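Novice: Sharing a structure below in structure tokens format, with a few things to ask.
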Amino acid sequence: MSLQAAKGGSLPVVILKEGSTENKGREAQKNNIMASKIIAEIVHTSLGPRGMDKMLVDSLGDVTITNDGATILKEIDVQHPAAKMLVEISKTTDTEVGDGTTSAVVLAGALLENAESLLNQDVHPTVIVDGYRKASKKALQYLKEISEDVTPNDKTVLNKIASTSMETKLVRKGCELLSTLVVRAVLAVAEKNGDGYIVDQDDIKVEKKAGGSMRDSILVEGIVLDKEVVHSGMPKKVDDAKIALINTALEIDKTEFDAKINISNPQQMKTFLDEENRMLKNMVDKVIASGANVLLCQKGIDDMAQHYLARAGILAVRRVKESDLAKLAKATGARIVTNLDDLFEKDLGTANLVEERKIEEDRWVYVEGCKNPKSVTLLLRGGSQRVVDEVERSVHDAIMVVKDVMERPAIVAGGGAPETFAATKIRGWAKSLEGREQLAAEKFADALEAIPLTLAESAGMDPIDTLTNLRSKQLRGEKWTGIDVMKSRVNNMKTGDIIEPLAVKNQIVSAATEAACMILRIDDVITVSKAAGPPGGGPEGGMPGMGGMGGMGMPGMGGMGDMGMGEM
């Protein structure tokens with residue numbers, strides 16, 4: 001019967017849940033492109049050395065002041081699904097290469113904006129996507145062409161790389177000192193791997209503390225622990241330290257099952273406590289026997305064990321983070337011991353000095369002067385918490401770009417020079433394409449120029465005059481010509497020591513193209529709404545079938561004899 005009705009067309013066919021919405025075709029594309037352009041618009045003013053900062057206030061009232069693209073987009077909690085894709089590319093760029101997060105989003109926004117004008121001319125999205133992908137491949141080829149190979153451990157080049165990264169940040173005034181510290185830190189933890197290097201940025205511990213100024217930041221050839229010495233009777237400073245790292249507690253373990261001890265007289269109580277103390281003393285004796293004069297423990301240390309350690313003149317710190325313990329092992333050469341019976345002199349690490357120092361309100365333990373440490377600490381300072389947070393973000397970017405160059409030793413100039421070079425070359429190459437893909441390739445070249453254009457706008461330069469001047473110099477073969485933002489003119493960026501890793505540029509082009517192509521291929525957005533109430537709930541929101549309970553007065557309860565209870 002129902003089948004006949006459906007065939008007759010009198011019954012509507014409902015596929016989507018009630019309240020769901022669907023945007024199709026041009027409208028869906030328009031919405032997605034608009035959302036992406038807004039995201040790019042938010043961050044584009046923060047690009048470059050003259051870029052502005054954003055103040056972000058979260059739901060708890062916490063304030064973040066930054067011009068780091070990834071941080072801005074992470075904090076603003078974007079809801080639109082297409083815009084979320086641009087947030088994702090900024091995150092992946094930050095994780096992969098550390099820098100260029102703003103550029104990636106600006107480029108993706110420009111690619112979509114240029115694609116919109118082609119869509120309005122009835123160019124099919126698939127054609128645009130194909131054109132963009134071919135142009136992206138060519139762009140990576142031209143970037144490789146323009147790049148220069150460098151020596152991976154050349155301090156001068158690495159310093160310039162770190163400085164260029166920090167020039168665009170709040171820390172510009174202190175970037176000379178900070179870039180020197182970053183390069184020293186990365187070189188310290190870099191591992192030789194055949195002809196190249198491998199750098200694990202996690203081996204560089206970054207500690208921050210408000211107070212002082214950026215210039216008070218230091219590199220510690222070892223580890224700084226944000227903990228204090230556990231007992232006031234212990235030494236606060238140990239020279240020529242022999243360090244034991246243990247990840248077991250110096251406490252009496254509670255039994256795994258419920259245990260009950262019957263004590264009938266005070267003597268038994270004393271014997272019980274004496275036995276506990278003897279066990280703790282036994283543990284401490286094992287530490288003393290190894291020759292250690294510093295003990296760093298991941299778990300707790302009992303009060304009585306602290307007393308014995310203090311009496312032996314051993315400096316002890318408890319509840320050290322597991323990640324810090326791993327870094328200490330790399331820095332001091334110690335082995336992390338799980339069982340105290342396995343602690344011997346060969347397992348100890350060494351450091352010239354272990355000392356507790358007061359820093360602002362807190363007491364921190366410094367383990368420094370390690371010989372050839374494979375893990376180091378950057379202690380960053382700043383006038384306020386906001387400043388020191390931004391210093392930390394800038395240092396993260398600098399560490400990552402130095403790592404990029406050490407692992408892939410190729411560089412290009414900054415200031416939008418490589419993007420303009422690639423754009424000029426792509427325009428020439430686009431003429432060899434047939435059909436409408438040629439239009440897409442040309443639009444790709446225009447989008448690449450959004451980077452120098454944005455830099456010019458941030459510096460207060462005339463964007464059109466600047467771009468025409470830049471293009472003419474590039475066409476004359478001056479491949480290092482870019483926007484010198486600090487001098488507000490078109491200049492040779494190589495002589496101005498503004499250089500960036502090739503890896504960052506490659507990531508920006510690849511990530512932006514992939515995100516733009518993915519958004520362009522969407523022609524249908526189906527949004528499923530959440531159900532209005534709990535399933536099966538009536539107007540009162542009660543559980544189905546409970547209507548007979550009448551306002552909880554339960555009038556029907558008197559007739560429970562009907563249910564067979566009368567016979568009981």
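Ordering of the structure tokens sets the chain letters (A, B, ...), residue numbers begin anew at 1 in every chain, and ligands are numbered from 1 in the order given.
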Which residues are near Val43 in chain A? Cut-off 10 Å, only C-alpha atoms, ignore same chain within fewer than 5 positions. Put them as a list in words.

Specialist: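 Contacts, in chain order: Ile38, Gly51, Met52, Asp53, Lys54, Asn67, Asp68, Gly69, Ala70, Ile72, Leu73, Thr101, Thr102, Ser103, Val105 and Val106 of chain A.
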
Novice: Just the residues within 12 Å of Leu315 in chain A, please, counting only C-alpha atoms, with nothing from its chain fewer than 3 positions along; format it as a PyMOL selection string.

Specialist: chain A and resi 228-239+241-244+287-288+292-297+306-312+318+353-356+365-367

Novice: What's around range 75-88 of chain A at 8 Å? Count only C-alpha atoms, leave out sequence neighbours fewer than 3 positions away in its own chain, and write the answer as a ChimeraX atom specification.

Specialist: /A:32-33,35-36,39,56,58,70-72,91-92,105,108,515,519

Novice: Selection from above, N, CA and C atoms, as a tab-separated table (two decimals), in the first residue's frame, can you write it?

Specialist:
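The result, written out as selection_39.tsv:
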chain	number	residue	atom	x	y	z
A	32	ASN	N	31.90	29.08	0.88
A	32	ASN	CA	33.20	28.56	1.30
A	32	ASN	C	34.33	29.53	0.98
A	33	ILE	N	34.27	30.11	-0.23
A	33	ILE	CA	35.32	31.06	-0.62
A	33	ILE	C	35.25	32.31	0.25
A	35	ALA	N	34.16	32.57	3.35
A	35	ALA	CA	34.68	32.26	4.70
A	35	ALA	C	36.21	32.22	4.69
A	36	SER	N	36.79	31.60	3.65
A	36	SER	CA	38.24	31.49	3.56
A	36	SER	C	38.88	32.86	3.38
A	39	ILE	N	39.09	34.63	6.71
A	39	ILE	CA	40.21	34.12	7.53
A	39	ILE	C	41.52	34.75	7.07
A	56	LEU	N	43.89	38.82	21.47
A	56	LEU	CA	42.85	37.80	21.49
A	56	LEU	C	42.43	37.56	22.94
A	58	ASP	N	40.09	35.21	25.35
A	58	ASP	CA	39.28	33.98	25.32
A	58	ASP	C	38.11	34.07	26.29
A	70	ALA	N	49.52	31.02	13.20
A	70	ALA	CA	48.97	29.78	13.77
A	70	ALA	C	48.31	30.04	15.12
A	71	THR	N	48.95	30.88	15.94
A	71	THR	CA	48.40	31.18	17.27
A	71	THR	C	47.09	31.96	17.15
A	72	ILE	N	47.05	32.93	16.23
A	72	ILE	CA	45.84	33.74	16.05
A	72	ILE	C	44.66	32.84	15.68
A	91	LYS	N	48.24	25.26	11.12
A	91	LYS	CA	48.74	24.36	12.17
A	91	LYS	C	49.80	23.42	11.61
A	92	THR	N	49.51	22.81	10.44
A	92	THR	CA	50.46	21.84	9.89
A	92	THR	C	51.75	22.53	9.47
A	105	VAL	N	48.30	31.02	4.81
A	105	VAL	CA	46.88	31.37	4.84
A	105	VAL	C	46.59	32.51	3.86
A	108	ALA	N	46.61	30.99	0.37
A	108	ALA	CA	45.39	30.19	0.14
A	108	ALA	C	44.20	31.10	-0.11
A	515	ALA	N	44.93	23.19	0.08
A	515	ALA	CA	43.72	23.67	0.78
A	515	ALA	C	42.77	24.34	-0.21
A	519	ILE	N	38.91	23.08	-1.27
A	519	ILE	CA	37.72	23.93	-1.08
A	519	ILE	C	37.01	24.15	-2.42

Novice: Taking 4 positions as the minimum chain separation for residues in the same chain, which residues sit within 9 Å of Asp226 in chain A when counting only C-alpha atoms? Answer as JSON, numbers by chain.

Specialist: {"A": [207, 320, 362, 363, 364, 365, 366]}

Novice: Identify, on the basis of only C-alpha atoms, every residue whose closest approach to Gly25 in chain A does not exceed 12 Å; exclude the query and any residue fewer than 6 positions from it along the same chain; express the result as a list of chain:residue names.

Specialist: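 In the requested format, the answer is A:Asn31, A:Asn32, A:Leu119, A:His124, A:Pro125, A:Leu520, A:Arg521, A:Ile522, A:Asp523, A:Asp524, A:Val525, A:Ile526.
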
Novice: Could you please write out, as number ranges by chain, every residue of range 23-127 of chain A that DSSP assigns to strand (DSSP E or B)?

Specialist: A: 23-24, 54-57, 63-66

Novice: Can I get the selection written as a PDB file, in the first residue's frame, with N, CA, C and O atoms?

Specialist:
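Wrote result-v1.pdb, looks like this:
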ATOM      1  N   ASN A  23      23.393  23.361   0.991  1.00  0.00           N
ATOM      2  CA  ASN A  23      23.756  24.410   0.031  1.00  0.00           C
ATOM      3  C   ASN A  23      24.361  23.731  -1.174  1.00  0.00           C
ATOM      4  O   ASN A  23      25.283  22.935  -1.026  1.00  0.00           O
ATOM      5  N   LYS A  24      23.858  24.055  -2.362  1.00  0.00           N
ATOM      6  CA  LYS A  24      24.362  23.359  -3.543  1.00  0.00           C
ATOM      7  C   LYS A  24      25.026  24.334  -4.516  1.00  0.00           C
ATOM      8  O   LYS A  24      24.786  25.538  -4.476  1.00  0.00           O
ATOM      9  N   LYS A  54      47.710  41.121  17.025  1.00  0.00           N
ATOM     10  CA  LYS A  54      46.289  40.931  17.363  1.00  0.00           C
ATOM     11  C   LYS A  54      46.179  40.682  18.868  1.00  0.00           C
ATOM     12  O   LYS A  54      47.007  39.969  19.436  1.00  0.00           O
ATOM     13  N   MET A  55      45.148  41.255  19.461  1.00  0.00           N
ATOM     14  CA  MET A  55      44.862  40.951  20.871  1.00  0.00           C
ATOM     15  C   MET A  55      43.673  40.000  20.900  1.00  0.00           C
ATOM     16  O   MET A  55      42.604  40.322  20.380  1.00  0.00           O
ATOM     17  N   LEU A  56      43.895  38.822  21.471  1.00  0.00           N
ATOM     18  CA  LEU A  56      42.849  37.799  21.492  1.00  0.00           C
ATOM     19  C   LEU A  56      42.427  37.556  22.936  1.00  0.00           C
ATOM     20  O   LEU A  56      43.272  37.287  23.791  1.00  0.00           O
ATOM     21  N   VAL A  57      41.141  37.668  23.198  1.00  0.00           N
ATOM     22  CA  VAL A  57      40.630  37.462  24.561  1.00  0.00           C
ATOM     23  C   VAL A  57      39.742  36.223  24.537  1.00  0.00           C
ATOM     24  O   VAL A  57      38.773  36.163  23.780  1.00  0.00           O
ATOM     25  N   VAL A  63      44.242  36.977  28.021  1.00  0.00           N
ATOM     26  CA  VAL A  63      44.625  37.789  26.862  1.00  0.00           C
ATOM     27  C   VAL A  63      45.881  37.226  26.215  1.00  0.00           C
ATOM     28  O   VAL A  63      46.845  36.866  26.897  1.00  0.00           O
ATOM     29  N   THR A  64      45.882  37.137  24.868  1.00  0.00           N
ATOM     30  CA  THR A  64      47.075  36.755  24.104  1.00  0.00           C
ATOM     31  C   THR A  64      47.334  37.860  23.099  1.00  0.00           C
ATOM     32  O   THR A  64      46.411  38.260  22.376  1.00  0.00           O
ATOM     33  N   ILE A  65      48.566  38.389  23.068  1.00  0.00           N
ATOM     34  CA  ILE A  65      48.923  39.398  22.068  1.00  0.00           C
ATOM     35  C   ILE A  65      49.997  38.779  21.181  1.00  0.00           C
ATOM     36  O   ILE A  65      51.064  38.402  21.659  1.00  0.00           O
ATOM     37  N   THR A  66      49.693  38.662  19.875  1.00  0.00           N
ATOM     38  CA  THR A  66      50.631  37.958  18.990  1.00  0.00           C
ATOM     39  C   THR A  66      50.417  38.369  17.546  1.00  0.00           C
ATOM     40  O   THR A  66      49.373  38.916  17.194  1.00  0.00           O
TER      41      THR A  66
END

Novice: Calculated over only C-alpha atoms, which of the candidates A:Glu407, A:Lys134, A:Ala326, A:Lys144 has the smallest distance to Val199 in chain A?

Specialist: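 Of the candidates, the smallest distance to Val199 in chain A is held by A:Glu407.
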
Novice: Give the alpha helix (DSSP H) residues of range 224-399 of chain A, as DSSP finds them on the backbone, and put them as a PyMOL selection string.

Specialist: chain A and resi 266-290+303-311+322-332+385-399

Novice: Just want the 7 Å neighbourhood of range 436-450 of chain A, counted on only C-alpha atoms, with same-chain residues fewer than 3 positions away dropped. Output as a list in words.

Specialist: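 Residues near the query, excluding close chain neighbours: Leu107, Ala110, Leu111, Asn114, Val127, Ile128, Asp130, Gly131, Tyr132, Ala135, Glu419, Thr420, Ala423, Ile426, Arg427, Ala430, Lys431, Leu433, Leu453 and Thr454 of chain A.
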
Novice: Could you write out that same residue set with C-alpha atoms as a compact mmCIF listing (two decimals), in the first residue's frame?

Specialist:
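What landed in again.txt:
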# COMPACT_ATOMS: atom_id res chain seq x y z
CA LEU A 107 48.32 32.63 -0.25
CA ALA A 110 44.46 34.81 -2.63
CA LEU A 111 44.18 31.56 -4.64
CA ASN A 114 41.35 34.65 -7.88
CA VAL A 127 39.77 23.03 -14.69
CA ILE A 128 40.89 25.61 -12.12
CA ASP A 130 44.09 21.20 -12.57
CA GLY A 131 45.63 24.52 -13.56
CA TYR A 132 46.53 25.34 -9.93
CA ALA A 135 51.28 25.78 -11.56
CA GLU A 419 57.26 34.41 -4.82
CA THR A 420 57.64 37.24 -7.39
CA ALA A 423 55.08 34.31 -10.46
CA ILE A 426 54.79 30.94 -14.27
CA ARG A 427 53.25 33.71 -16.42
CA ALA A 430 51.31 29.52 -18.69
CA LYS A 431 51.30 30.57 -22.37
CA LEU A 433 49.14 25.60 -21.70
CA LEU A 453 51.74 43.03 -2.07
CA THR A 454 50.71 42.44 1.55
